[in-house]
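Asker: Dropping in upload_14.pdb, which is PDB, C-alpha atoms:
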ATOM      1  CA  MET A 281     -13.835  -5.537  -5.020
ATOM      2  CA  PHE A 282     -15.211  -3.562  -2.134
ATOM      3  CA  THR A 283     -16.463  -5.770   0.650
ATOM      4  CA  THR A 284     -19.100  -5.068   3.246
ATOM      5  CA  ARG A 285     -18.561  -6.192   6.813
ATOM      6  CA  ARG A 286     -21.549  -8.525   6.485
ATOM      7  CA  MET A 287     -20.143 -10.173   3.359
ATOM      8  CA  LEU A 288     -16.772 -10.570   5.006
ATOM      9  CA  GLU A 289     -18.264 -12.153   8.112
ATOM     10  CA  GLU A 290     -20.157 -14.645   5.933
ATOM     11  CA  ARG A 291     -16.851 -15.701   4.324
ATOM     12  CA  GLY A 292     -14.836 -16.180   7.482
ATOM     13  CA  GLY A 293     -14.712 -12.845   9.216
ATOM     14  CA  LEU A 294     -12.487  -9.887   9.773
ATOM     15  CA  ALA A 295     -10.213 -11.876  12.051
ATOM     16  CA  SER A 296      -9.179 -14.210   9.250
ATOM     17  CA  ARG A 297      -8.621 -11.216   6.923
ATOM     18  CA  CYS A 298      -6.398  -9.508   9.520
ATOM     19  CA  ALA A 299      -4.479 -12.742  10.082
ATOM     20  CA  HIS A 300      -3.931 -13.070   6.337
ATOM     21  CA  LEU A 301      -2.677  -9.486   6.088
ATOM     22  CA  GLN A 302      -0.335 -10.126   9.001
ATOM     23  CA  SER A 303       1.024 -13.248   7.284
ATOM     24  CA  LEU A 304       1.697 -11.186   4.132
ATOM     25  CA  VAL A 305       3.599  -8.600   6.189
ATOM     26  CA  GLN A 306       5.629 -11.394   7.803
ATOM     27  CA  GLN A 307       6.305 -12.980   4.398
ATOM     28  CA  TYR A 308       7.568  -9.651   3.062
ATOM     29  CA  GLN A 309       9.714  -8.966   6.147
ATOM     30  CA  SER A 310      11.237 -12.457   6.125
ATOM     31  CA  ALA A 311      12.140 -12.147   2.455
ATOM     32  CA  GLN A 312      13.460  -8.625   3.028
ATOM     33  CA  ALA A 313      15.687  -9.846   5.862
ATOM     34  CA  ALA A 314      17.007 -12.666   3.674
ATOM     35  CA  LEU A 315      18.134 -10.143   1.063
ATOM     36  CA  GLY A 316      20.920  -9.131   3.421
ATOM     37  CA  THR A 317      22.534 -12.553   3.145
ATOM     38  CA  LYS A 318      25.064 -13.513   0.501
ATOM     39  CA  LYS A 319      22.972 -16.212  -1.142
ATOM     40  CA  VAL A 320      19.525 -14.981  -2.107
ATOM     41  CA  SER A 321      17.348 -17.333  -4.089
ATOM     42  CA  ALA A 322      15.083 -16.242  -6.902
ATOM     43  CA  ALA A 323      12.216 -17.671  -4.843
ATOM     44  CA  THR A 324      12.998 -15.258  -1.997
ATOM     45  CA  VAL A 325      13.012 -12.285  -4.362
ATOM     46  CA  ALA A 326       9.740 -13.467  -5.906
ATOM     47  CA  SER A 327       8.195 -14.050  -2.463
ATOM     48  CA  ARG A 328       8.967 -10.490  -1.419
ATOM     49  CA  LYS A 329       7.413  -9.052  -4.577
ATOM     50  CA  GLU A 330       4.382 -11.324  -4.288
ATOM     51  CA  ALA A 331       3.697 -10.335  -0.674
ATOM     52  CA  LEU A 332       4.060  -6.631  -1.481
ATOM     53  CA  ALA A 333       1.787  -6.918  -4.525
ATOM     54  CA  HIS A 334      -0.874  -8.655  -2.440
ATOM     55  CA  LEU A 335      -0.665  -5.979   0.262
ATOM     56  CA  ALA A 336      -1.055  -3.268  -2.383
ATOM     57  CA  ASN A 337      -4.141  -5.043  -3.722
ATOM     58  CA  PHE A 338      -5.657  -5.340  -0.242
ATOM     59  CA  ALA A 339      -5.047  -1.598   0.190
ATOM     60  CA  TYR A 340      -7.713  -1.034  -2.468
ATOM     61  CA  ASP A 341     -10.563  -2.073  -0.140
ATOM     62  CA  PRO A 342     -11.445   0.420   2.625
ATOM     63  CA  ILE A 343     -12.480  -2.409   4.945
ATOM     64  CA  ASN A 344      -8.765  -3.261   5.239
ATOM     65  CA  PHE A 345      -7.543   0.240   6.111
ATOM     66  CA  ASP A 346      -7.650  -0.213   9.904
ATOM     67  CA  SER A 347      -5.786  -3.510   9.752
ATOM     68  CA  LEU A 348      -3.180  -2.129   7.370
ATOM     69  CA  ARG A 349      -2.586   0.851   9.672
ATOM     70  CA  ARG A 350      -2.238  -1.441  12.719
ATOM     71  CA  LEU A 351       0.300  -3.536  10.818
ATOM     72  CA  ASN A 352       2.305  -0.429   9.817
ATOM     73  CA  VAL A 353       1.918  -1.249   6.137
ATOM     74  CA  ILE A 354       2.198   2.439   5.208
ATOM     75  CA  ASP A 355       5.720   2.482   6.661
ATOM     76  CA  LEU A 356       6.458  -0.764   4.840
ATOM     77  CA  PHE A 357       5.268   0.777   1.549
ATOM     78  CA  LEU A 358       7.284   3.962   2.143
ATOM     79  CA  GLU A 359      10.419   1.927   2.803
ATOM     80  CA  ALA A 360       9.804  -0.271  -0.244
ATOM     81  CA  ALA A 361       9.249   2.818  -2.414
ATOM     82  CA  SER A 362      12.974   3.566  -2.071
ATOM     83  CA  ASP A 363      14.065   0.090  -3.161
ATOM     84  CA  GLU A 364      16.405  -0.561  -6.085
ATOM     85  CA  ASP A 365      13.974  -3.062  -7.652
ATOM     86  CA  ALA A 366      11.581  -1.214  -9.966
ATOM     87  CA  ASP A 367       8.805  -3.785  -9.426
ATOM     88  CA  VAL A 368       8.997  -3.361  -5.666
ATOM     89  CA  VAL A 369       8.829   0.430  -6.025
ATOM     90  CA  ASP A 370       5.857   0.102  -8.373
ATOM     91  CA  PHE A 371       3.912  -2.169  -5.994
ATOM     92  CA  ALA A 372       4.701   0.092  -3.034
ATOM     93  CA  LEU A 373       3.518   3.232  -4.847
ATOM     94  CA  GLY A 374       0.348   1.461  -5.968
ATOM     95  CA  GLY A 375      -0.378   0.526  -2.361
ATOM     96  CA  LEU A 376       0.277   4.062  -1.134
ATOM     97  CA  CYS A 377      -1.992   5.505  -3.805
ATOM     98  CA  ASN A 378      -4.766   3.085  -2.800
ATOM     99  CA  LEU A 379      -4.443   4.079   0.857
ATOM    100  CA  THR A 380      -4.552   7.841   0.281
ATOM    101  CA  VAL A 381      -8.268   7.826  -0.470
ATOM    102  CA  ASP A 382      -8.708   7.626   3.327
ATOM    103  CA  PRO A 383      -7.808  10.978   4.936
ATOM    104  CA  THR A 384      -6.955   9.110   8.159
ATOM    105  CA  ASN A 385      -3.838   7.863   6.376
ATOM    106  CA  HIS A 386      -2.674  11.312   5.273
ATOM    107  CA  PRO A 387      -0.678  12.263   8.397
ATOM    108  CA  LEU A 388       1.237   8.997   8.069
ATOM    109  CA  LEU A 389       2.172   9.864   4.489
ATOM    110  CA  VAL A 390       2.874  13.580   4.790
ATOM    111  CA  SER A 391       6.004  13.061   6.836
ATOM    112  CA  GLU A 392       9.157  14.645   5.511
ATOM    113  CA  ASP A 393      10.432  11.271   4.299
ATOM    114  CA  GLY A 394       7.078  10.440   2.720
ATOM    115  CA  GLN A 395       6.984  13.609   0.669
ATOM    116  CA  ALA A 396      10.562  13.185  -0.535
ATOM    117  CA  THR A 397       9.900   9.574  -1.501
ATOM    118  CA  LEU A 398       6.750  10.511  -3.425
ATOM    119  CA  LEU A 399       8.398  13.432  -5.219
ATOM    120  CA  LYS A 400      11.316  11.246  -6.290
ATOM    121  CA  ALA A 401       8.938   8.522  -7.544
ATOM    122  CA  ALA A 402       6.884  11.102  -9.473
ATOM    123  CA  SER A 403       9.857  11.601 -11.800
ATOM    124  CA  SER A 404      10.338   7.874 -12.397
ATOM    125  CA  ALA A 405      10.917   6.735 -15.963
ATOM    126  CA  ARG A 406       8.468   3.906 -15.261
ATOM    127  CA  GLU A 407       5.046   5.286 -16.154
ATOM    128  CA  THR A 408       3.008   3.255 -13.654
ATOM    129  CA  THR A 409       5.277   4.329 -10.804
ATOM    130  CA  ALA A 410       5.127   8.007 -11.759
ATOM    131  CA  VAL A 411       1.332   7.926 -12.148
ATOM    132  CA  ALA A 412       0.876   6.226  -8.767
ATOM    133  CA  ALA A 413       3.167   8.794  -7.106
ATOM    134  CA  LEU A 414       1.334  11.706  -8.733
ATOM    135  CA  GLY A 415      -2.032  10.206  -7.790
ATOM    136  CA  THR A 416      -0.880   9.814  -4.207
ATOM    137  CA  LEU A 417       0.320  13.424  -4.084
ATOM    138  CA  PHE A 418      -2.983  14.591  -5.574
ATOM    139  CA  PHE A 419      -5.024  12.739  -2.952
ATOM    140  CA  LEU A 420      -2.774  14.050  -0.176
ATOM    141  CA  PHE A 421      -2.831  17.710  -1.100
ATOM    142  CA  HIS A 422      -6.065  18.340  -2.974
ATOM    143  CA  THR A 423      -8.503  19.470  -0.302
ATOM    144  CA  THR A 424     -11.666  18.645  -2.203
ATOM    145  CA  VAL A 425     -10.941  14.954  -2.790
ATOM    146  CA  GLY A 426     -14.008  13.075  -1.651
ATOM    147  CA  ALA A 427     -16.166  16.213  -1.691
ATOM    148  CA  PRO A 428     -19.110  16.386  -4.070
ATOM    149  CA  ALA A 429     -18.335  17.868  -7.466
ATOM    150  CA  PRO A 430     -19.421  21.502  -7.845
ATOM    151  CA  ALA A 431     -22.678  22.061  -9.664
ATOM    152  CA  PRO A 432     -22.268  23.192 -13.277
ATOM    153  CA  ALA A 433     -22.701  26.918 -13.802
TER     154      ALA A 433
END
I'd like the structure from this file rewritten - as structure tokens, please.
Answerer:
Amino acid sequence: MFTTRRMLEERGGLASRCAHLQSLVQQYQSAQAALGTKKVSAATVASRKEALAHLANFAYDPINFDSLRRLNVIDLFLEAASDEDADVVDFALGGLCNLTVDPTNHPLLVSEDGQATLLKAASSARETTAVAALGTLFFLFHTTVGAPAPAPA
């Protein structure tokens, strides 16, 4: 659901939203760091996926774009898009696709690593991952995205 600034302020404000996004980033990073240990619980794996899925969902609302950029969530998504876990890759690509509707995010995604990651994901056997990668590439390289549709001839 798209939120207006006024609606958000009535429900607790932008500050609480930013703090929540930051806690999701920290949850993901803590779980990610724990994956390097020998004993990884199923709860840690689930926590990482949950945090990433929530971040991808928050990337749908343009009011969150500034906060997500400040928290380097695009880099987090790009890193997660190369993961071995198909769910993690899927959530990361969904988040990237959501963020590409804002042209401000394009330079952060058009890096050499970003393009390679997206092209690799576009050939995924998992349909949702491939569609998200293709959608992201479309938004990045189609110059008329966001422009009014041409009038019929």
Asker: For the structure provided, state which residues fall under the PyMOL selection byres ((chain A and resi 361) around 12), and present them as number ranges by chain.
Answerer: A: 332, 336, 353-360, 362-377, 393-402, 404, 409-410, 412-413
Asker: Have a look at CA of Leu335 (chain A) and CA of Leu304 (chain A) and let me know their distance in Å, one decimal.
Answerer: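 That distance, rounded to one decimal, is 6.9 Å.
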Asker: Please measure the separation of CA of Tyr340 (chain A) and CA of Phe421 (chain A), giving the value in Å to one decimal.
Answerer: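 Separation of CA of Tyr340 (chain A) and CA of Phe421 (chain A): 19.4 Å.
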Asker: Give me, please, the distance in Å between CA of Ser391 (chain A) and CA of Phe345 (chain A), quoted to one decimal.
Answerer: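 That distance, rounded to one decimal, is 18.7 Å.
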Asker: Which is closest to Asp341 (chain A) among A:Thr324, A:Thr416, A:Asn378, A:Thr384, if we use all atoms listed in the file?
Answerer: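 Closest to Asp341 (chain A), using all atoms listed in the file: A:Asn378.
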Asker: Using only C-alpha atoms, pick whichever of A:Leu301, A:Leu414, A:Thr380, A:Thr408 has the shortest atom-to-atom distance to Arg350 (chain A).
Answerer: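 Among A:Leu301, A:Leu414, A:Thr380, A:Thr408, it is A:Leu301 that comes nearest to Arg350 (chain A).
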Asker: Given only C-alpha atoms as the basis, pick out the residue of A:Asn337, A:Ser296, A:Lys329, A:Ser403 nearest to Tyr308 (chain A).
Answerer: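 Result for the nearest residue to Tyr308 (chain A): A:Lys329.
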Asker: Pick out the closest residue to Leu379 (chain A) from this set: A:Leu351, A:Ala326, A:Val411, A:Leu420. Count all atoms listed in the file.
Answerer: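 Under the stated criterion, the closest residue is A:Leu420.
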Asker: Between A:Glu407, A:Glu330, A:Asp346, A:Asp382, which one has atoms that come closest to Gln309 (chain A), using only C-alpha atoms?
Answerer: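 Going through A:Glu407, A:Glu330, A:Asp346, A:Asp382 one by one, the smallest distance to Gln309 (chain A) is for A:Glu330.
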Asker: With distances taken over all atoms listed in the file, which of A:His422, A:Lys318, A:His334, A:Arg406 is nearest to His300 (chain A)?
Answerer: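 Once distances to His300 (chain A) are computed over all atoms listed in the file, the minimum belongs to A:His334.
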Asker: Can you report as AutoDock Vina command-line options the centre and edge lengths in Å, to one decimal, of an axis-aligned box around the listed atoms of region 352-368 of chain A padded with 4 Å on each side?
Answerer:
--center_x 9.2 --center_y 0.1 --center_z -0.1 --size_x 22.5 --size_y 15.7 --size_z 27.8
